[in-house]
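**Student:** What follows is structure21.pdb; its format and atoms are PDB, C-alpha atoms and all ligand atoms.
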```
ATOM      1  CA  MET A 169       0.000   0.000   0.000
ATOM      2  CA  LYS A 170       1.328   3.417  -0.928
ATOM      3  CA  ILE A 171       1.170   6.300   1.551
ATOM      4  CA  PHE A 172       0.537   9.828   0.303
ATOM      5  CA  LEU A 173       0.372  12.888   2.537
ATOM      6  CA  ASP A 174      -2.775  14.986   2.087
ATOM      7  CA  THR A 175      -1.388  18.460   2.693
ATOM      8  CA  ALA A 176       0.365  21.511   1.281
ATOM      9  CA  ASN A 177       2.299  22.035   4.517
ATOM     10  CA  LEU A 178       5.983  21.987   3.551
ATOM     11  CA  LYS A 179       7.239  21.351   7.087
ATOM     12  CA  SER A 180       5.150  18.170   7.433
ATOM     13  CA  ILE A 181       6.065  17.067   3.920
ATOM     14  CA  ARG A 182       9.796  17.439   4.647
ATOM     15  CA  MET A 183       9.524  15.754   8.032
ATOM     16  CA  TYR A 184       7.733  12.605   6.843
ATOM     17  CA  ASN A 185       9.688  12.477   3.605
ATOM     18  CA  ASP A 186      12.936  12.453   5.611
ATOM     19  CA  MET A 187      11.617   9.323   7.392
ATOM     20  CA  GLY A 188      11.141   7.653   4.011
ATOM     21  CA  LEU A 189       7.381   7.301   4.503
ATOM     22  CA  LEU A 190       5.983   9.216   1.551
ATOM     23  CA  ASP A 191       5.151   7.744  -1.832
ATOM     24  CA  GLY A 192       3.405  10.929  -2.934
ATOM     25  CA  ILE A 193       1.315  13.977  -2.041
ATOM     26  CA  THR A 194      -2.248  15.083  -2.656
ATOM     27  CA  THR A 195      -3.309  18.716  -2.453
ATOM     28  CA  ASN A 196      -6.466  20.642  -3.189
ATOM     29  CA  PRO A 197      -7.401  24.359  -3.209
ATOM     30  CA  THR A 198      -8.571  24.155   0.427
ATOM     31  CA  LEU A 199      -5.251  22.709   1.590
ATOM     32  CA  LEU A 200      -3.311  25.366  -0.359
ATOM     33  CA  SER A 201      -5.410  28.202   1.055
ATOM     34  CA  LYS A 202      -4.865  26.856   4.595
ATOM     35  CA  GLU A 203      -1.110  27.387   4.175
ATOM     36  CA  GLY A 204      -1.453  30.898   2.700
ATOM     37  CA  GLY A 205       1.372  32.497   0.682
ATOM     38  CA  ASP A 206       1.905  32.019  -3.024
ATOM     39  CA  PRO A 207       0.291  28.718  -4.090
ATOM     40  CA  HIS A 208       2.539  28.514  -7.177
ATOM     41  CA  LYS A 209       5.676  28.570  -5.028
ATOM     42  CA  THR A 210       4.185  25.980  -2.697
ATOM     43  CA  MET A 211       3.296  23.614  -5.546
ATOM     44  CA  GLU A 212       6.721  24.068  -7.119
ATOM     45  CA  GLU A 213       8.436  23.342  -3.800
ATOM     46  CA  ILE A 214       6.341  20.216  -3.131
ATOM     47  CA  CYS A 215       7.222  18.833  -6.568
ATOM     48  CA  SER A 216      10.914  19.382  -5.938
ATOM     49  CA  ILE A 217      10.886  17.683  -2.512
ATOM     50  CA  ILE A 218       8.816  14.651  -3.485
ATOM     51  CA  LYS A 219       9.937  12.124  -6.090
ATOM     52  CA  GLY A 220       6.597  10.271  -6.258
ATOM     53  CA  ASP A 221       3.271  11.462  -7.661
ATOM     54  CA  VAL A 222       2.016  14.899  -6.587
ATOM     55  CA  SER A 223      -1.662  15.599  -7.253
ATOM     56  CA  LEU A 224      -2.395  19.242  -8.092
ATOM     57  CA  GLU A 225      -5.992  20.261  -8.714
ATOM     58  CA  VAL A 226      -7.590  22.310 -11.481
ATOM     59  CA  VAL A 227     -10.103  25.009 -10.558
ATOM     60  CA  SER A 228     -11.803  25.444 -13.937
ATOM     61  CA  THR A 229     -15.122  23.713 -14.256
ATOM     62  CA  GLU A 230     -15.264  23.471 -18.035
ATOM     63  CA  TYR A 231     -13.273  21.218 -20.348
ATOM     64  CA  SER A 232     -10.934  23.658 -22.132
ATOM     65  CA  GLY A 233     -10.061  25.492 -18.910
ATOM     66  CA  MET A 234      -9.224  22.184 -17.231
ATOM     67  CA  LEU A 235      -7.007  21.219 -20.168
ATOM     68  CA  ASP A 236      -5.100  24.537 -20.011
ATOM     69  CA  GLU A 237      -4.688  24.348 -16.249
ATOM     70  CA  GLY A 238      -3.712  20.687 -16.363
ATOM     71  CA  ARG A 239      -0.971  21.400 -18.899
ATOM     72  CA  ARG A 240       0.266  24.353 -16.816
ATOM     73  CA  LEU A 241       0.266  22.335 -13.588
ATOM     74  CA  ARG A 242       2.249  19.580 -15.278
ATOM     75  CA  LYS A 243       5.057  22.090 -15.854
ATOM     76  CA  TYR A 244       5.885  21.904 -12.138
ATOM     77  CA  GLY A 245       7.317  18.449 -12.726
ATOM     78  CA  ASN A 246       7.044  15.085 -14.425
ATOM     79  CA  ASN A 247       5.624  13.715 -11.173
ATOM     80  CA  VAL A 248       2.527  15.934 -11.370
ATOM     81  CA  VAL A 249      -0.822  14.175 -11.545
ATOM     82  CA  VAL A 250      -3.653  16.505 -12.491
ATOM     83  CA  LYS A 251      -6.674  16.338 -10.249
ATOM     84  CA  CYS A 252      -9.942  16.769 -12.142
ATOM     85  CA  PRO A 253     -13.375  16.750 -10.519
ATOM     86  CA  MET A 254     -15.835  13.916 -11.129
ATOM     87  CA  THR A 255     -17.997  15.800 -13.622
ATOM     88  CA  ALA A 256     -18.766  15.307 -17.324
ATOM     89  CA  ASP A 257     -16.170  17.962 -18.245
ATOM     90  CA  GLY A 258     -13.742  16.494 -15.735
ATOM     91  CA  LEU A 259     -13.973  13.064 -17.381
ATOM     92  CA  LYS A 260     -13.516  14.569 -20.848
ATOM     93  CA  ALA A 261     -10.430  16.431 -19.585
ATOM     94  CA  CYS A 262      -9.244  13.183 -17.983
ATOM     95  CA  LYS A 263      -9.439  11.399 -21.328
ATOM     96  CA  SER A 264      -7.601  14.186 -23.203
ATOM     97  CA  LEU A 265      -4.870  14.786 -20.612
ATOM     98  CA  THR A 266      -4.259  11.036 -20.315
ATOM     99  CA  ALA A 267      -3.929  10.798 -24.110
ATOM    100  CA  GLU A 268      -1.268  13.547 -23.914
ATOM    101  CA  GLY A 269       0.663  11.502 -21.359
ATOM    102  CA  ILE A 270      -0.470  13.593 -18.366
ATOM    103  CA  PRO A 271      -1.855  11.311 -15.650
ATOM    104  CA  VAL A 272      -5.113  12.244 -13.919
ATOM    105  CA  ASN A 273      -6.565  11.729 -10.451
ATOM    106  CA  VAL A 274     -10.362  11.974 -10.596
ATOM    107  CA  THR A 275     -11.414  13.538  -7.317
ATOM    108  CA  LEU A 276     -14.678  13.903  -5.390
ATOM    109  CA  VAL A 277     -15.774  10.323  -6.086
ATOM    110  CA  PHE A 278     -18.690   9.243  -3.916
ATOM    111  CA  SER A 279     -20.152   6.172  -5.677
ATOM    112  CA  ALA A 280     -19.020   2.968  -7.350
ATOM    113  CA  ASN A 281     -20.650   4.104 -10.581
ATOM    114  CA  GLN A 282     -18.554   7.281 -10.602
ATOM    115  CA  ALA A 283     -15.433   5.185  -9.963
ATOM    116  CA  VAL A 284     -16.208   2.936 -12.944
ATOM    117  CA  LEU A 285     -16.734   5.917 -15.252
ATOM    118  CA  ALA A 286     -13.493   7.586 -14.137
ATOM    119  CA  ALA A 287     -11.609   4.338 -14.762
ATOM    120  CA  LYS A 288     -13.171   4.092 -18.238
ATOM    121  CA  ALA A 289     -12.006   7.677 -18.929
ATOM    122  CA  GLY A 290      -8.440   6.532 -18.238
ATOM    123  CA  ALA A 291      -7.800   7.929 -14.733
ATOM    124  CA  LYS A 292      -4.550   6.837 -13.095
ATOM    125  CA  TYR A 293      -6.206   7.290  -9.686
ATOM    126  CA  ILE A 294      -9.735   7.726  -8.404
ATOM    127  CA  SER A 295     -10.214   9.430  -5.043
ATOM    128  CA  PRO A 296     -13.261   8.264  -3.079
ATOM    129  CA  PHE A 297     -13.777  10.579  -0.062
ATOM    130  CA  ILE A 298     -14.675   8.132   2.677
ATOM    131  CA  GLY A 299     -14.707  10.509   5.679
ATOM    132  CA  ARG A 300     -17.209  12.803   3.995
ATOM    133  CA  LEU A 301     -19.490   9.800   3.351
ATOM    134  CA  ASP A 302     -19.184   8.720   7.004
ATOM    135  CA  ASP A 303     -20.042  12.318   7.983
ATOM    136  CA  ILE A 304     -23.452  12.026   6.320
ATOM    137  CA  GLY A 305     -24.156   8.573   7.780
ATOM    138  CA  GLN A 306     -23.052   6.510   4.771
ATOM    139  CA  ASP A 307     -20.476   3.714   4.767
ATOM    140  CA  GLY A 308     -17.258   5.168   3.318
ATOM    141  CA  MET A 309     -15.214   1.993   3.723
ATOM    142  CA  GLY A 310     -18.068  -0.039   2.185
ATOM    143  CA  LEU A 311     -17.577   2.044  -0.965
ATOM    144  CA  ILE A 312     -13.864   1.146  -1.055
ATOM    145  CA  ARG A 313     -14.791  -2.549  -0.742
ATOM    146  CA  GLU A 314     -17.273  -2.235  -3.642
ATOM    147  CA  ILE A 315     -14.882  -0.362  -5.942
ATOM    148  CA  HIS A 316     -12.039  -2.771  -5.160
ATOM    149  CA  GLN A 317     -14.195  -5.759  -6.090
ATOM    150  CA  ILE A 318     -15.393  -4.168  -9.335
ATOM    151  CA  PHE A 319     -11.878  -3.108 -10.393
ATOM    152  CA  GLN A 320     -10.641  -6.651  -9.709
ATOM    153  CA  ASN A 321     -13.516  -8.222 -11.658
ATOM    154  CA  TYR A 322     -12.569  -6.254 -14.764
ATOM    155  CA  LYS A 323      -8.825  -5.916 -14.141
ATOM    156  CA  PHE A 324      -9.018  -2.102 -14.308
ATOM    157  CA  LYS A 325      -5.574  -0.554 -13.971
ATOM    158  CA  THR A 326      -6.885   2.588 -12.246
ATOM    159  CA  GLN A 327      -5.632   2.798  -8.665
ATOM    160  CA  ILE A 328      -7.915   3.351  -5.686
ATOM    161  CA  LEU A 329      -6.629   6.342  -3.713
ATOM    162  CA  VAL A 330      -8.560   6.371  -0.450
ATOM    163  CA  ALA A 331      -9.127  10.019   0.491
ATOM    164  CA  SER A 332     -10.788  12.011   3.278
ATOM    165  CA  ILE A 333      -9.273   9.704   5.860
ATOM    166  CA  ARG A 334     -10.042  10.730   9.423
ATOM    167  CA  HIS A 335      -8.179   8.287  11.712
ATOM    168  CA  PRO A 336      -5.726   5.347  11.790
ATOM    169  CA  VAL A 337      -8.483   2.689  11.808
ATOM    170  CA  HIS A 338      -9.476   3.892   8.336
ATOM    171  CA  VAL A 339      -5.909   3.142   7.207
ATOM    172  CA  VAL A 340      -5.874  -0.432   8.529
ATOM    173  CA  ASP A 341      -9.313  -1.124   7.036
ATOM    174  CA  ALA A 342      -8.269   0.247   3.625
ATOM    175  CA  ALA A 343      -5.100  -1.890   3.735
ATOM    176  CA  LYS A 344      -7.095  -5.044   4.602
ATOM    177  CA  ILE A 345      -9.322  -4.444   1.578
ATOM    178  CA  GLY A 346      -6.241  -3.999  -0.607
ATOM    179  CA  ALA A 347      -6.669  -0.364  -1.648
ATOM    180  CA  ASP A 348      -3.668   0.886  -3.635
ATOM    181  CA  VAL A 349      -3.079   4.197  -1.850
ATOM    182  CA  VAL A 350      -4.164   6.029   1.283
ATOM    183  CA  THR A 351      -3.727   9.788   1.461
ATOM    184  CA  LEU A 352      -3.311  10.919   5.045
ATOM    185  CA  PRO A 353      -3.595  14.232   6.821
ATOM    186  CA  PRO A 354      -0.298  14.736   8.748
ATOM    187  CA  ASP A 355      -2.011  14.274  12.132
ATOM    188  CA  VAL A 356      -3.290  10.806  11.136
ATOM    189  CA  LEU A 357       0.193   9.743  10.030
ATOM    190  CA  GLY A 358       1.517  11.089  13.345
ATOM    191  CA  LYS A 359      -1.033   8.984  15.255
ATOM    192  CA  MET A 360      -0.008   5.848  13.311
ATOM    193  CA  LEU A 361       3.534   6.266  14.646
ATOM    194  CA  LYS A 362       2.553   6.263  18.280
ATOM    195  CA  HIS A 363       1.746   3.531  20.781
ATOM    196  CA  PRO A 364       1.691   4.065  24.572
ATOM    197  CA  LEU A 365       3.505   0.747  25.154
ATOM    198  CA  THR A 366       6.381   1.957  22.956
ATOM    199  CA  ASP A 367       6.758   5.075  25.142
ATOM    200  CA  ILE A 368       6.549   3.083  28.408
ATOM    201  CA  GLY A 369       8.963   0.429  27.110
ATOM    202  CA  LEU A 370      11.527   3.034  26.058
ATOM    203  CA  LYS A 371      11.247   4.890  29.365
ATOM    204  CA  ASN A 372      11.934   1.651  31.273
ATOM    205  CA  PHE A 373      14.895   0.677  29.070
ATOM    206  CA  LEU A 374      16.481   4.089  29.660
ATOM    207  CA  ALA A 375      15.876   3.898  33.407
ATOM    208  CA  ASP A 376      17.551   0.466  33.551
ATOM    209  CA  TRP A 377      20.519   1.767  31.551
ATOM    210  CA  GLU A 378      20.873   4.556  34.138
ATOM    211  CA  LYS A 379      21.235   1.833  36.812
ATOM    212  CA  LEU A 380      24.202   0.352  34.911
ATOM    213  CA  LYS A 381      25.661   3.834  34.559
ATOM    214  CA  ALA A 382      25.428   4.356  38.295
ATOM    215  CA  GLU A 383      27.719   1.333  38.710
ATOM    216  CA  ASP A 384      30.139   2.416  35.958
ATOM    217  CA  PRO A 385      29.885   6.090  34.893
ATOM    218  CA  ASN A 386      32.154   5.442  31.856
ATOM    219  CA  ILE A 387      29.907   2.776  30.355
ATOM    220  CA  ARG A 388      28.662   3.419  26.797
ATOM    221  CA  ILE A 389      27.060   1.432  23.994
TER     222      ILE A 389
HETATM  223  C1  LIG B 401      -8.011  14.140  -1.320
HETATM  224  O1  LIG B 401      -7.265  14.199  -2.261
HETATM  225  C2  LIG B 401      -8.556  15.299  -0.618
HETATM  226  O2  LIG B 401      -7.568  16.300  -0.631
HETATM  227  C3  LIG B 401      -8.883  15.056   0.841
HETATM  228  O3  LIG B 401      -8.592  13.735   1.230
HETATM  229  C4  LIG B 401     -10.197  15.559   1.295
HETATM  230  O4  LIG B 401     -10.354  15.298   2.656
HETATM  231  P1  LIG B 401     -11.341  16.084   3.617
HETATM  232  O5  LIG B 401     -12.678  15.466   3.503
HETATM  233  O6  LIG B 401     -10.753  15.873   4.985
HETATM  234  O7  LIG B 401     -11.325  17.517   3.198
END
```
Take the structure in the file and give it back as structure tokens.

**Tutor:**
Amino acid sequence: MKIFLDTANLKSIRMYNDMGLLDGITTNPTLLSKEGGDPHKTMEEICSIIKGDVSLEVVSTEYSGMLDEGRRLRKYGNNVVVKCPMTADGLKACKSLTAEGIPVNVTLVFSANQAVLAAKAGAKYISPFIGRLDDIGQDGMGLIREIHQIFQNYKFKTQILVASIRHPVHVVDAAKIGADVVTLPPDVLGKMLKHPLTDIGLKNFLADWEKLKAEDPNIRI
């Protein structure tokens, strides 16, 4: 399973990338606006830090605007994946950009039918937003299960990028289903790192080492 970070925060991107955890990044206009500053500089910087796929989103809602923006976004790097919304124009742009060799992530997917159509249009990734489905009382992870089964039935190459993840249990459930990618807000990735027994265990090891040091102050590993 690949791990993407769902953020435009350069500090978090650098920190988790330095640990070797990141296979890619997803951004959207909301995440860029949260960071403030010049979004062009931010996108450029992200593409230079990260070797894997970086999803950058169009803001046009009609076909030709999406094509122009997609081509411009791709100039930030060969690792740019253009994020197009799950609309009729978005699918048309997906088909054209893909034909030009520019990969597309179809975003705002909320049903299995939408996922099938995006795959047919040639998307490299589809992004079902599971947290937003949970928020309205629907079963986000159930949608991932459905899409995974359908894509396997027909050997679709499109990858399932599980988005709108809210907590670490979502990650384990997506991995058990066999989803290709999870995109995580930095705080969820931070929570995955932690376990109270790790902290207690480390504290005890260090305390016991101090006992040895009390006997021989020159002792070292
Ligand atoms: C995915 O690419 C989106 O950026 C993101 O996962 C949306 O998540 P949200 O529902 O927390 O805004």

**Student:** Find the residues near ligand LIG 401 (chain B). Use a cut-off of 7 Å, count only C-alpha atoms and all ligand atoms, and write them as a PyMOL selection string.

**Tutor:** chain A and resi 174+194-196+275+295+297+299-300+331-334+351

**Student:** Keeping C-alpha atoms for every residue in the selection just given, could you write it to a file as a CSV table (one decimal), in the frame of the given file?

**Tutor:**
```
chain,number,residue,atom,x,y,z
A,174,ASP,CA,-2.8,15.0,2.1
A,194,THR,CA,-2.2,15.1,-2.7
A,195,THR,CA,-3.3,18.7,-2.5
A,196,ASN,CA,-6.5,20.6,-3.2
A,275,THR,CA,-11.4,13.5,-7.3
A,295,SER,CA,-10.2,9.4,-5.0
A,297,PHE,CA,-13.8,10.6,-0.1
A,299,GLY,CA,-14.7,10.5,5.7
A,300,ARG,CA,-17.2,12.8,4.0
A,331,ALA,CA,-9.1,10.0,0.5
A,332,SER,CA,-10.8,12.0,3.3
A,333,ILE,CA,-9.3,9.7,5.9
A,334,ARG,CA,-10.0,10.7,9.4
A,351,THR,CA,-3.7,9.8,1.5
```

**Student:** Region 224-230 of chain A: which residues within 6 Å, counting all atoms listed in the file, same-chain residues fewer than 4 positions away excluded, as a PyMOL selection string?

**Tutor:** chain A and resi 195-196+234+237+250-251+257

**Student:** Write out the residues from the selection above, keeping C-alpha atoms, as an mmCIF file, keeping the file's coordinate frame.

**Tutor:**
```cif
data_model
loop_
_atom_site.group_PDB
_atom_site.id
_atom_site.type_symbol
_atom_site.label_atom_id
_atom_site.label_comp_id
_atom_site.auth_asym_id
_atom_site.auth_seq_id
_atom_site.Cartn_x
_atom_site.Cartn_y
_atom_site.Cartn_z
ATOM 1 C CA THR A 195 -3.309 18.716 -2.453
ATOM 2 C CA ASN A 196 -6.466 20.642 -3.189
ATOM 3 C CA MET A 234 -9.224 22.184 -17.231
ATOM 4 C CA GLU A 237 -4.688 24.348 -16.249
ATOM 5 C CA VAL A 250 -3.653 16.505 -12.491
ATOM 6 C CA LYS A 251 -6.674 16.338 -10.249
ATOM 7 C CA ASP A 257 -16.170 17.962 -18.245
#
```

**Student:** Name the closest residue to Pro207 (chain A) among the candidates A:Val340, A:Leu241, A:Lys179, A:Asp186; distances are taken between atoms, counting all atoms listed in the file.

**Tutor:**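 Using all atoms listed in the file, Pro207 (chain A) sits closest to A:Leu241.
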
**Student:** Let me make sure I understand: among A:Thr326, A:Asn321, A:Ser279, A:Asn386, which one has the smallest atom-to-atom distance to Gln306 (chain A) if we use only C-alpha atoms?

**Tutor:**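 Closest to Gln306 (chain A), using only C-alpha atoms: A:Ser279.
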
**Student:** Using all atoms listed in the file, pick whichever of A:Ala291, A:Val349, A:Ala283, A:Val337 has the shortest atom-to-atom distance to Ile315 (chain A).

**Tutor:** A:Ala283
